$ cat start22.txt   # compact mmCIF, C-alpha atoms and all ligand atoms
# COMPACT_ATOMS: atom_id res chain seq x y z
CA MET A 1 19.96 24.24 -17.65
CA CYS A 2 16.38 23.55 -16.59
CA SER A 3 13.78 25.58 -18.42
CA MET A 4 11.02 23.94 -16.42
CA THR A 5 10.14 24.29 -12.78
CA TRP A 6 12.71 23.20 -10.20
CA LEU A 7 11.59 20.60 -7.73
CA TYR A 8 13.09 20.51 -4.24
CA ASP A 9 13.63 17.52 -1.97
CA SER A 10 13.33 19.49 1.27
CA HIS A 11 14.95 16.81 3.46
CA ILE A 12 17.41 14.09 2.46
CA HIS A 13 20.60 12.66 3.99
CA LEU A 14 22.87 12.41 0.95
CA SER A 15 25.88 12.24 3.28
CA ASP A 16 24.68 8.84 4.49
CA THR A 17 26.98 5.91 3.66
CA GLU A 18 24.01 4.27 1.91
CA TYR A 19 24.51 6.73 -0.98
CA GLU A 20 28.31 6.82 -0.89
CA HIS A 21 28.94 4.96 -4.14
CA ASP A 22 26.05 6.51 -6.06
CA ILE A 23 26.75 10.22 -5.66
CA PRO A 24 27.69 10.83 -9.33
CA LEU A 25 24.55 8.94 -10.43
CA ILE A 26 22.39 10.88 -7.99
CA MET A 27 23.82 14.24 -9.10
CA ASN A 28 23.14 13.28 -12.71
CA CYS A 29 19.59 12.31 -11.88
CA MET A 30 19.08 15.64 -10.09
CA LYS A 31 20.28 17.53 -13.16
CA ARG A 32 18.12 15.49 -15.50
CA LEU A 33 14.96 15.78 -13.39
CA CYS A 34 15.63 19.38 -12.28
CA ILE A 35 15.66 18.61 -8.58
CA LYS A 36 17.59 20.48 -5.91
CA ALA A 37 18.01 18.96 -2.47
CA CYS A 38 18.22 20.28 1.07
CA CYS A 39 20.87 17.89 2.37
CA VAL A 40 20.65 17.58 6.14
CA SER A 41 23.27 16.24 8.54
CA MET A 42 23.36 14.23 11.76
CA ASP A 43 26.64 15.09 13.50
CA TYR A 44 30.17 16.37 12.86
CA SER A 45 31.27 13.84 10.24
CA SER A 46 28.05 14.00 8.22
CA SER A 47 28.15 17.81 8.42
CA ILE A 48 31.65 17.76 6.92
CA LYS A 49 30.44 15.40 4.17
CA THR A 50 27.42 17.60 3.48
CA LEU A 51 29.65 20.67 3.12
CA GLU A 52 31.77 18.74 0.63
CA LEU A 53 28.70 17.70 -1.39
CA GLY A 54 27.68 21.34 -1.42
CA LYS A 55 31.05 22.23 -2.95
CA GLN A 56 30.57 19.58 -5.67
CA SER A 57 27.21 20.81 -6.93
CA ASP A 58 25.02 23.84 -6.53
CA LEU A 59 22.01 21.51 -6.67
CA VAL A 60 23.01 20.48 -3.14
CA LEU A 61 21.78 22.90 -0.49
CA PRO A 62 23.79 22.09 2.63
CA PHE A 63 22.16 21.97 6.06
CA ILE A 64 24.50 21.12 8.93
CA GLY A 65 23.78 20.42 12.58
CA ILE A 66 23.18 17.87 15.32
CA HIS A 67 20.29 15.40 15.11
CA PRO A 68 18.54 14.61 18.45
CA GLU A 69 19.94 11.06 18.18
CA LYS A 70 23.46 12.51 18.35
CA ALA A 71 22.88 15.17 21.02
CA GLN A 72 24.85 13.26 23.68
CA ASP A 73 28.02 13.25 21.53
CA ASP A 74 30.56 16.04 21.21
CA THR A 75 28.53 19.04 20.13
CA GLU A 76 31.05 21.89 20.36
CA SER A 77 32.78 20.85 17.13
CA VAL A 78 29.51 21.11 15.22
CA PHE A 79 28.62 24.47 16.76
CA LYS A 80 32.04 25.70 15.64
CA LEU A 81 31.41 24.31 12.14
CA ILE A 82 28.09 26.19 11.93
CA ASP A 83 29.79 29.35 13.09
CA GLU A 84 32.68 29.08 10.63
CA ASN A 85 30.53 28.08 7.63
CA ASN A 86 27.53 30.28 8.24
CA GLU A 87 27.91 31.97 4.85
CA LYS A 88 28.17 28.66 2.97
CA ILE A 89 25.25 26.79 4.48
CA SER A 90 21.63 26.96 3.31
CA GLY A 91 20.31 26.07 6.74
CA ILE A 92 20.70 24.25 10.04
CA GLY A 93 19.47 20.69 10.42
CA GLU A 94 18.50 18.11 11.19
CA ILE A 95 17.78 19.40 14.67
CA GLY A 96 15.00 18.67 17.13
CA LEU A 97 13.77 16.60 20.04
CA ASP A 98 13.01 12.89 20.33
CA SER A 99 12.81 11.09 23.66
CA THR A 100 13.16 7.68 22.01
CA TYR A 101 16.89 8.52 21.78
CA THR A 102 17.31 9.41 25.48
CA ASN A 103 17.54 7.22 28.57
CA SER A 104 17.02 9.79 31.34
CA ASP A 105 15.66 13.26 32.10
CA GLU A 106 19.22 14.45 32.15
CA GLU A 107 19.83 13.22 28.60
CA PHE A 108 16.59 14.77 27.42
CA GLY A 109 17.70 18.03 29.06
CA LYS A 110 20.95 17.88 27.10
CA GLN A 111 19.03 17.22 23.88
CA GLU A 112 16.85 20.24 24.56
CA GLU A 113 19.86 22.42 25.25
CA VAL A 114 21.54 21.32 21.98
CA PHE A 115 18.31 22.05 20.08
CA LYS A 116 18.00 25.52 21.62
CA THR A 117 21.64 26.39 20.95
CA GLN A 118 21.12 25.55 17.28
CA LEU A 119 17.95 27.66 17.15
CA SER A 120 20.05 30.53 18.51
CA TYR A 121 22.54 30.07 15.66
CA ALA A 122 19.68 30.06 13.15
CA GLU A 123 18.41 33.26 14.70
CA LYS A 124 21.85 34.88 14.74
CA PHE A 125 22.76 33.96 11.13
CA GLY A 126 19.22 34.24 9.73
CA LYS A 127 19.07 30.61 8.54
CA PRO A 128 16.20 28.20 7.91
CA VAL A 129 15.98 25.10 10.13
CA SER A 130 14.90 21.53 9.38
CA ILE A 131 13.24 20.02 12.45
CA HIS A 132 12.71 16.45 13.64
CA SER A 133 9.69 16.46 15.95
CA ARG A 134 8.71 12.83 16.53
CA LYS A 135 6.26 12.79 19.47
CA THR A 136 7.60 16.17 20.63
CA LEU A 137 5.58 18.59 18.50
CA ASP A 138 3.93 20.44 21.39
CA GLN A 139 7.25 21.03 23.16
CA ILE A 140 8.90 22.10 19.91
CA LEU A 141 6.13 24.54 18.98
CA GLU A 142 6.35 25.98 22.51
CA ILE A 143 10.12 26.45 22.24
CA LEU A 144 9.89 27.90 18.71
CA SER A 145 7.50 30.60 19.83
CA SER A 146 10.31 32.22 21.83
CA TYR A 147 12.88 32.27 18.99
CA LYS A 148 12.97 34.45 15.89
CA VAL A 149 14.11 31.83 13.39
CA PRO A 150 13.40 33.19 9.86
CA SER A 151 11.94 29.95 8.48
CA VAL A 152 11.10 26.60 9.99
CA LEU A 153 10.36 23.22 8.42
CA LEU A 154 8.67 20.56 10.52
CA HIS A 155 9.90 17.70 8.40
CA TRP A 156 7.84 14.48 8.10
CA PHE A 157 4.93 16.24 9.74
CA ASP A 158 3.12 13.69 11.89
CA GLY A 159 0.91 15.68 14.23
CA SER A 160 -2.80 16.02 14.86
CA LYS A 161 -5.01 18.49 12.99
CA LYS A 162 -4.84 20.73 16.05
CA GLN A 163 -1.03 20.65 16.06
CA LEU A 164 -1.05 21.35 12.34
CA GLN A 165 -3.14 24.46 12.98
CA LYS A 166 -0.66 25.58 15.67
CA ALA A 167 2.21 25.02 13.24
CA MET A 168 0.40 27.08 10.59
CA ASP A 169 -0.21 29.86 13.15
CA LEU A 170 3.55 29.92 13.82
CA ASP A 171 4.21 30.16 10.04
CA CYS A 172 6.02 26.80 9.89
CA TYR A 173 6.42 24.80 6.71
CA VAL A 174 5.44 21.11 6.78
CA SER A 175 6.80 18.44 4.49
CA PHE A 176 5.29 15.24 3.22
CA GLY A 177 7.20 12.27 1.90
CA PRO A 178 6.74 8.78 0.49
CA VAL A 179 4.38 7.74 3.33
CA MET A 180 1.82 10.26 2.02
CA VAL A 181 1.55 8.21 -1.18
CA TYR A 182 -0.07 5.31 0.72
CA SER A 183 -1.26 6.78 4.05
CA LYS A 184 -4.77 8.23 4.21
CA ASP A 185 -3.90 10.05 7.50
CA LYS A 186 -1.04 11.91 5.83
CA GLN A 187 -3.23 12.78 2.86
CA VAL A 188 -5.79 14.32 5.23
CA LEU A 189 -3.06 16.39 6.92
CA LEU A 190 -1.76 17.49 3.53
CA SER A 191 -5.22 18.65 2.51
CA LYS A 192 -5.58 20.68 5.75
CA ALA A 193 -2.18 22.43 5.51
CA ASN A 194 -1.98 25.94 4.07
CA LYS A 195 -1.07 25.62 0.38
CA ASP A 196 1.81 28.05 0.75
CA LYS A 197 3.41 25.96 3.54
CA ILE A 198 3.63 22.57 1.81
CA LEU A 199 7.01 21.05 0.90
CA VAL A 200 7.97 17.55 -0.27
CA GLU A 201 10.81 15.30 0.88
CA THR A 202 12.18 11.78 0.67
CA ASP A 203 14.05 11.60 4.03
CA GLY A 204 16.36 9.16 2.23
CA PRO A 205 17.97 6.78 3.03
CA VAL A 206 14.86 5.81 5.02
CA ARG A 207 13.18 2.74 3.53
CA PHE A 208 9.46 2.82 2.79
CA SER A 209 7.08 -0.09 2.51
CA ARG A 210 4.05 -0.79 0.28
CA CYS A 211 4.60 0.43 -3.27
CA PHE A 212 8.19 1.40 -2.39
CA GLU A 213 9.08 -2.25 -1.55
CA ASN A 214 11.44 -1.36 1.31
CA LYS A 215 13.98 0.16 -1.02
CA THR A 216 16.11 3.06 0.15
CA ALA A 217 14.34 6.31 -0.72
CA GLN A 218 15.78 7.92 -3.84
CA ILE A 219 15.60 11.51 -4.92
CA ASP A 220 13.68 10.48 -8.05
CA PHE A 221 10.69 9.60 -5.82
CA ILE A 222 10.03 13.35 -5.66
CA PRO A 223 7.98 13.68 -8.89
CA SER A 224 5.77 10.75 -7.76
CA ILE A 225 5.20 12.38 -4.37
CA VAL A 226 4.23 15.65 -6.05
CA PHE A 227 1.97 13.77 -8.48
CA CYS A 228 0.21 12.01 -5.62
CA ALA A 229 -0.13 15.28 -3.69
CA SER A 230 -1.68 16.91 -6.78
CA LYS A 231 -4.40 14.21 -6.78
CA VAL A 232 -5.07 14.74 -3.05
CA LEU A 233 -5.26 18.52 -3.50
CA HIS A 234 -7.25 18.35 -6.79
CA VAL A 235 -4.84 20.55 -8.70
CA ASN A 236 -2.87 19.64 -11.78
CA TYR A 237 0.70 18.44 -11.52
CA ASP A 238 2.36 21.43 -13.20
CA GLU A 239 0.42 23.85 -11.06
CA LEU A 240 1.51 22.08 -7.86
CA CYS A 241 5.13 21.96 -9.07
CA ASP A 242 5.02 25.77 -9.36
CA VAL A 243 3.48 26.16 -5.90
CA ILE A 244 6.08 23.87 -4.30
CA GLU A 245 8.92 25.64 -6.10
CA GLN A 246 7.72 28.97 -4.75
CA ASN A 247 7.27 27.51 -1.25
CA SER A 248 10.73 25.92 -1.32
CA LYS A 249 12.37 29.19 -2.39
CA ARG A 250 10.54 31.08 0.35
CA PHE A 251 11.57 28.46 2.94
CA LEU A 252 15.18 28.75 1.78
CA MET A 253 14.95 32.54 1.50
CA LEU A 254 16.13 32.45 -2.13
ZN ZN B 1 15.97 12.95 8.47

$ encode --input "start22.txt" --output "structure tokens"
Amino acid sequence: MCSMTWLYDSHIHLSDTEYEHDIPLIMNCMKRLCIKACCVSMDYSSSIKTLELGKQSDLVLPFIGIHPEKAQDDTESVFKLIDENNEKISGIGEIGLDSTYTNSDEEFGKQEEVFKTQLSYAEKFGKPVSIHSRKTLDQILEILSSYKVPSVLLHWFDGSKKQLQKAMDLDCYVSFGPVMVYSKDKQVLLSKANKDKILVETDGPVRFSRCFENKTAQIDFIPSIVFCASKVLHVNYDELCDVIEQNSKRFLML
């Protein structure tokens, strides 16, 4: 198949209904552009869909789990799914904390408990995790320090330089997506991250503004994101593709 470097979208929701009718097109595009994708899930039904996509193509790297937005729903069924499919999945995600999805301390407590349970599964089965950390980075880094999860991605990294340093000290990977193409802040963070911890993502089906014209993120944004990152980091495109391939494989323990 691909004789060139493989690119990896480290975080995309291909199980989302937004992509439902385009899966064959997307899979074709992935083959053509040599892109593999870490496909994350939100809840039970998207985890089931992600597992099915994983069966359809080995370019799909299935991550299943409970997103902080869904932490108040039935969680046992997803825990069981992780347990039963631990040999099939590439990782656990999207997991994390986000108080914008909770209405009380009690709900936040539940979210934290669901996050910790999933970290325990990652520890037990030796799986990478994909973490959502909107406005909760300090708490998440604190919690992570007491788990032995083999590899951690702080997806859509949006912290301060100090938090970035803490994340680097804890050996976390950080990913940058379409926003980095037009946001100076993100470009600064990218330039401060350790080169061996940088990944790229689309977080599709999120829509991005500016040059992306509010269209649903597509997997074929990945080469543009890498190209833009190569300008920020003052390295050539091919060189950065190699670095990101190596980083992605290390994150995924391949
Ligand atoms: Zn996401």

$ atom_distance --input "start22.txt" --atom1 "CA of Gly204 (chain A)" --atom2 "CA of His13 (chain A)"
5.8 Å

$ residues_near_ligand --input "start22.txt" --ligand "ligand ZN 1 (chain B)" --cutoff "9 Å" --atoms "all atoms listed in the file" --output "list in words"
His11, Ile12, His13, Val40, Ser41, Met42, His67, Gly93, Glu94, Ser130, Ile131, His132, His155, Trp156, Thr202, Asp203, Gly204, Pro205 and Val206 of chain A

$ write_last_selection --input "start22.txt" --atoms "C-alpha atoms" --output "short mmCIF file (atom, residue, chain, number, x, y, z; two decimals), in the coordinates of the input"
data_model
loop_
_atom_site.label_atom_id
_atom_site.label_comp_id
_atom_site.auth_asym_id
_atom_site.auth_seq_id
_atom_site.Cartn_x
_atom_site.Cartn_y
_atom_site.Cartn_z
CA HIS A 11 14.95 16.81 3.46
CA ILE A 12 17.41 14.09 2.46
CA HIS A 13 20.60 12.66 3.99
CA VAL A 40 20.65 17.58 6.14
CA SER A 41 23.27 16.24 8.54
CA MET A 42 23.36 14.23 11.76
CA HIS A 67 20.29 15.40 15.11
CA GLY A 93 19.47 20.69 10.42
CA GLU A 94 18.50 18.11 11.19
CA SER A 130 14.90 21.53 9.38
CA ILE A 131 13.24 20.02 12.45
CA HIS A 132 12.71 16.45 13.64
CA HIS A 155 9.90 17.70 8.40
CA TRP A 156 7.84 14.48 8.10
CA THR A 202 12.18 11.78 0.67
CA ASP A 203 14.05 11.60 4.03
CA GLY A 204 16.36 9.16 2.23
CA PRO A 205 17.97 6.78 3.03
CA VAL A 206 14.86 5.81 5.02
#

$ atom_distance --input "start22.txt" --atom1 "CA of Arg250 (chain A)" --atom2 "CA of Tyr173 (chain A)"
9.8 Å

$ residues_around --input "start22.txt" --residues "Lys161 (chain A)" --least-positions-apart "4" --cutoff "10 Å" --atoms "all atoms listed in the file" --output "number ranges by chain"
A: 165-167, 188-189, 192-193

$ atom_distance --input "start22.txt" --atom1 "CA of Gln218 (chain A)" --atom2 "CA of Ile23 (chain A)"
11.4 Å

$ residues_around --input "start22.txt" --residues "Lys148 (chain A)" --least-positions-apart "2" --cutoff "12 Å" --atoms "all atoms listed in the file" --output "list in words"
Lys116, Leu119, Ser120, Tyr121, Ala122, Glu123, Lys124, Phe125, Gly126, Lys127, Pro128, Val129, Ile143, Leu144, Ser145, Ser146, Pro150, Ser151, Val152, Leu170, Asp171 and Cys172 of chain A

$ write_last_selection --input "start22.txt" --atoms "C-alpha atoms" --output "tab-separated table (two decimals), keeping the file's coordinate frame"
chain	number	residue	atom	x	y	z
A	116	LYS	CA	18.00	25.52	21.62
A	119	LEU	CA	17.95	27.66	17.15
A	120	SER	CA	20.05	30.53	18.51
A	121	TYR	CA	22.54	30.07	15.66
A	122	ALA	CA	19.68	30.06	13.15
A	123	GLU	CA	18.41	33.26	14.70
A	124	LYS	CA	21.85	34.88	14.74
A	125	PHE	CA	22.76	33.96	11.13
A	126	GLY	CA	19.22	34.24	9.73
A	127	LYS	CA	19.07	30.61	8.54
A	128	PRO	CA	16.20	28.20	7.91
A	129	VAL	CA	15.98	25.10	10.13
A	143	ILE	CA	10.12	26.45	22.24
A	144	LEU	CA	9.89	27.90	18.71
A	145	SER	CA	7.50	30.60	19.83
A	146	SER	CA	10.31	32.22	21.83
A	150	PRO	CA	13.40	33.19	9.86
A	151	SER	CA	11.94	29.95	8.48
A	152	VAL	CA	11.10	26.60	9.99
A	170	LEU	CA	3.55	29.92	13.82
A	171	ASP	CA	4.21	30.16	10.04
A	172	CYS	CA	6.02	26.80	9.89

$ residues_around --input "start22.txt" --residues "Ser248 (chain A)" --least-positions-apart "3" --cutoff "12 Å" --atoms "all atoms listed in the file" --output "ChimeraX atom specification"
/A:5-11,35-38,61,90,128,151-153,173-175,195-201,240-245,251-254

$ closest_residue --input "start22.txt" --among "A:Pro223, A:Gly91, A:Pro178, A:Gly96" --to "Arg210 (chain A)" --atoms "all atoms listed in the file"
A:Pro178

$ closest_residue --input "start22.txt" --among "A:Tyr182, A:Tyr101, A:Phe212, A:Phe221" --to "Cys29 (chain A)" --atoms "all atoms listed in the file"
A:Phe221

$ closest_residue --input "start22.txt" --among "A:Asp43, A:Glu113, A:Glu20, A:Asp220" --to "Ser77 (chain A)" --atoms "only C-alpha atoms"
A:Asp43

$ axis_aligned_box --input "start22.txt" --around "region 86-91 of chain A" --padding-each-side "5 Å" --output "JSON"
{"center_x": 24.2, "center_y": 29.0, "center_z": 5.6, "size_x": 17.9, "size_y": 15.9, "size_z": 15.3}

$ closest_residue --input "start22.txt" --among "A:Val179, A:Leu51, A:Ile219, A:Cys211" --to "Arg32 (chain A)" --atoms "all atoms listed in the file"
A:Ile219
